[in-house]
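Q: Please see the structure below; I have some questions.
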Amino acid sequence: MSSALNSSSTSNDQNNNSAFNSTESTTINVDPSEVEKFNNLASEWWSNTGAFATLHEINPLRLNWIEENVKRGYQHAANKTAEQGLAGKKVLDVGCGGGILSESMARRDADVTGIDLGTENLKAAALHAEQSQLENTLRYQHIPVEELAKTHAGQFDVVTCMEMLEHVPDPSSIVQACYELLAPGGVCVLSTINRNPKSYLFAIVGAEYVLRLLDRGTHDYAKFITPAELDKMALNTGFVRQDIIGLHYNPLTKRYWLAQNVDVNYMIAVQKPLV
């Protein structure tokens with residue numbers, strides 16, 4: 001485990017670098033069909049042309065935006081580590097899947113713990129981390145974020161939760177746990193999909209049926225979350241909103257970019273106050 005976690009967990013993970021730590025829970029905020037859906041695709045996580053090709057393509061954009069907001073948040077908190085960005089930060093990646101984002105943050109010298117409820121996803125993530133020789137700064141655990149928050153509150157500098165909130169029964173519970181896991185002044189970055197006719201057209205009809213960027217059934221329109229709803233969840237936990245940005249794609253040029261329009265895919269950065 002990350003050095004943010006207790007020493008016994010660290011010892012266990014260091015002895016099992018090619019695997020991941022699994023914790024049982026009686027309270028799980030999860031849709032089993034969603035976990036099964038992604039577990040069935042576990043072999044494709046690290047294929048640039050597989051089911052997760054889109055995540056590989058957008059990852060540099062989201063990684064840079066995350067780091068920019070980490071710097072901004074720590075500057076606001078007058079923390080001397082602000083300019084280092086992710087380097088040296090204890091990072092938790094919630095709903096890490098096969099580890100695409102987790103690995104990229106570890107490569108920027110963050111100490112990263114990825115958690116997920118898909119065992120096959122975590123096996124793929126741990127194997128790739130081992131092959132990439134990142135075992136010292138990257139490890140994975142099978143545990144609900146709410147469970148981790150009970151034992152490791154306030155122990156992370158940065159928490160990310162990307163492309164996950166629209167796949168769980170109670171996204172507000174995830175946001176609350178992210179808040180609890182952050183140290184005061186810490187930065188949390190969340191991403192999800194807006195809910196409106198345009199997002200249905202682009203994220204489901206376009207991405208899953210026309211362009212086939214994603215497998216059919218990847219998303220459920222009813223679970224999409226408007227920025228106002230996510231903003232309210234964050235504010236209710238005590239977060240202060242830092243920034244919000246939209247992620248866009250041109251199918252003709254196959255180019256992705258970030259812009260202020262948040263009609264479809266978007267990311268939001270929030271900060272836990274110092275006091």
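By convention in this document, the chains of the structure tokens carry letters A, B, ... by their order, each chain's residues are numbered from 1, and ligands are numbered from 1 in the order they are shown.
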Would you pick out the contacts of range 75-78 of chain A at 8 Å or less, using only C-alpha atoms, so that residues sharing its chain but fewer than 4 positions from it are not included, and give the list as a list in words?
A: Lys71, Ala82, Glu83, Gly185 and Leu274 of chain A
Q: Neighbours of range 219-222 of chain A within 8 Å (only C-alpha atoms; same-chain residues fewer than 5 positions away dropped), as an MDAnalysis selection string?
A: chainID A and resid 166:167 195 200 203:204
Q: Quick one: residues within 10 Å of Tyr249 in chain A, only C-alpha atoms, excluding same-chain residues fewer than 6 positions away - as an mmCIF file with N, CA and C atoms, in the first residue's frame?
A:
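This went into selection.cif:
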```cif
data_model
loop_
_atom_site.group_PDB
_atom_site.id
_atom_site.type_symbol
_atom_site.label_atom_id
_atom_site.label_comp_id
_atom_site.auth_asym_id
_atom_site.auth_seq_id
_atom_site.Cartn_x
_atom_site.Cartn_y
_atom_site.Cartn_z
ATOM 1 N N ILE A 58 -7.470 9.905 -24.295
ATOM 2 C CA ILE A 58 -7.766 11.097 -23.500
ATOM 3 C C ILE A 58 -6.888 11.217 -22.265
ATOM 4 N N PHE A 202 -24.431 12.076 -28.030
ATOM 5 C CA PHE A 202 -22.993 11.927 -28.220
ATOM 6 C C PHE A 202 -22.417 10.726 -27.471
ATOM 7 N N ARG A 255 -9.634 14.112 -32.990
ATOM 8 C CA ARG A 255 -8.886 14.931 -32.035
ATOM 9 C C ARG A 255 -9.715 15.159 -30.767
ATOM 10 N N TYR A 256 -9.054 15.038 -29.629
ATOM 11 C CA TYR A 256 -9.672 15.343 -28.339
ATOM 12 C C TYR A 256 -9.099 16.651 -27.811
ATOM 13 N N TRP A 257 -9.927 17.428 -27.115
ATOM 14 C CA TRP A 257 -9.430 18.660 -26.512
ATOM 15 C C TRP A 257 -10.319 19.046 -25.327
ATOM 16 N N LEU A 258 -9.806 19.953 -24.505
ATOM 17 C CA LEU A 258 -10.543 20.469 -23.356
ATOM 18 C C LEU A 258 -11.074 21.853 -23.675
ATOM 19 N N ASN A 265 -19.051 15.186 -21.685
ATOM 20 C CA ASN A 265 -18.053 14.733 -20.700
ATOM 21 C C ASN A 265 -17.424 15.935 -20.003
#
```
Q: Could you check how far CA of Tyr74 in chain A sits from CA of Asn261 in chain A, in Å to one decimal?
A: 25.7 Å
Q: Run DSSP on the backbone and give me the residues of range 19-138 of chain A it puts in alpha helix (DSSP H), as a JSON list (two decimals) with C-alpha atoms, in the first residue's frame.
A:
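This is the output file part.json:
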```json
[["chain", "number", "residue", "atom", "x", "y", "z"],
["A", 32, "PRO", "CA", -22.69, -5.97, -9.70],
["A", 33, "SER", "CA", -23.61, -5.87, -13.39],
["A", 34, "GLU", "CA", -21.30, -2.88, -13.87],
["A", 35, "VAL", "CA", -18.40, -4.69, -12.20],
["A", 36, "GLU", "CA", -19.01, -7.77, -14.32],
["A", 37, "LYS", "CA", -19.15, -5.65, -17.48],
["A", 38, "PHE", "CA", -15.67, -4.25, -16.93],
["A", 39, "ASN", "CA", -14.23, -7.49, -15.54],
["A", 53, "ALA", "CA", -8.69, 2.85, -26.61],
["A", 54, "THR", "CA", -10.59, 6.07, -25.86],
["A", 55, "LEU", "CA", -9.20, 6.17, -22.32],
["A", 56, "HIS", "CA", -5.66, 5.83, -23.65],
["A", 57, "GLU", "CA", -6.28, 8.70, -26.06],
["A", 58, "ILE", "CA", -7.77, 11.10, -23.50],
["A", 59, "ASN", "CA", -5.41, 10.17, -20.67],
["A", 60, "PRO", "CA", -2.73, 12.80, -21.43],
["A", 61, "LEU", "CA", -5.41, 15.51, -21.40],
["A", 62, "ARG", "CA", -6.91, 14.48, -18.10],
["A", 63, "LEU", "CA", -3.51, 13.79, -16.52],
["A", 64, "ASN", "CA", -2.24, 17.29, -17.34],
["A", 65, "TRP", "CA", -5.48, 18.88, -16.12],
["A", 66, "ILE", "CA", -5.28, 16.94, -12.87],
["A", 67, "GLU", "CA", -1.69, 18.07, -12.29],
["A", 68, "GLU", "CA", -2.54, 21.68, -13.11],
["A", 69, "ASN", "CA", -5.26, 21.64, -10.48],
["A", 70, "VAL", "CA", -3.05, 19.96, -7.92],
["A", 71, "LYS", "CA", -0.54, 22.79, -8.40],
["A", 72, "ARG", "CA", -3.28, 25.41, -8.20],
["A", 73, "GLY", "CA", -4.81, 23.88, -5.10],
["A", 74, "TYR", "CA", -1.54, 23.63, -3.24],
["A", 75, "GLN", "CA", -0.57, 27.16, -4.22],
["A", 76, "HIS", "CA", -3.89, 28.34, -2.79],
["A", 100, "ILE", "CA", -4.31, 3.59, -17.06],
["A", 101, "LEU", "CA", -4.50, 6.81, -15.03],
["A", 102, "SER", "CA", -2.85, 5.29, -11.94],
["A", 103, "GLU", "CA", 0.26, 4.36, -13.90],
["A", 104, "SER", "CA", 0.52, 7.74, -15.57],
["A", 105, "MET", "CA", 0.43, 9.49, -12.19],
["A", 106, "ALA", "CA", 3.04, 7.11, -10.78],
["A", 119, "THR", "CA", -10.89, -8.32, -9.41],
["A", 120, "GLU", "CA", -9.97, -9.04, -13.03],
["A", 121, "ASN", "CA", -9.35, -5.34, -13.65],
["A", 122, "LEU", "CA", -6.99, -5.23, -10.69],
["A", 123, "LYS", "CA", -5.11, -8.31, -11.83],
["A", 124, "ALA", "CA", -4.53, -6.66, -15.20],
["A", 125, "ALA", "CA", -3.46, -3.44, -13.48],
["A", 126, "ALA", "CA", -1.07, -5.14, -11.06],
["A", 127, "LEU", "CA", 0.52, -7.25, -13.80],
["A", 128, "HIS", "CA", 1.13, -4.19, -15.97],
["A", 129, "ALA", "CA", 2.58, -2.25, -13.03],
["A", 130, "GLU", "CA", 4.98, -5.11, -12.36],
["A", 131, "GLN", "CA", 5.99, -5.27, -16.03]]
```
Q: Could you please determine the separation between CA of Leu230 in chain A and CA of Lys198 in chain A in Å, to one decimal place?
A: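 Computing the Euclidean distance for CA of Leu230 in chain A and CA of Lys198 in chain A yields 18.1 Å.
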Q: My list of candidates is A:Gly186, A:Pro251, A:Gly95, A:Gly246. Which is closest to Ala207 in chain A when distances are computed with only C-alpha atoms?
A: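 Residue with the minimum atom-to-atom distance to Ala207 in chain A: A:Pro251.
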Q: Interatomic distance between CA of Asp243 in chain A and CA of Ala110 in chain A?
A: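 Spanning CA of Asp243 in chain A to CA of Ala110 in chain A is a straight-line distance of 21.6 Å.
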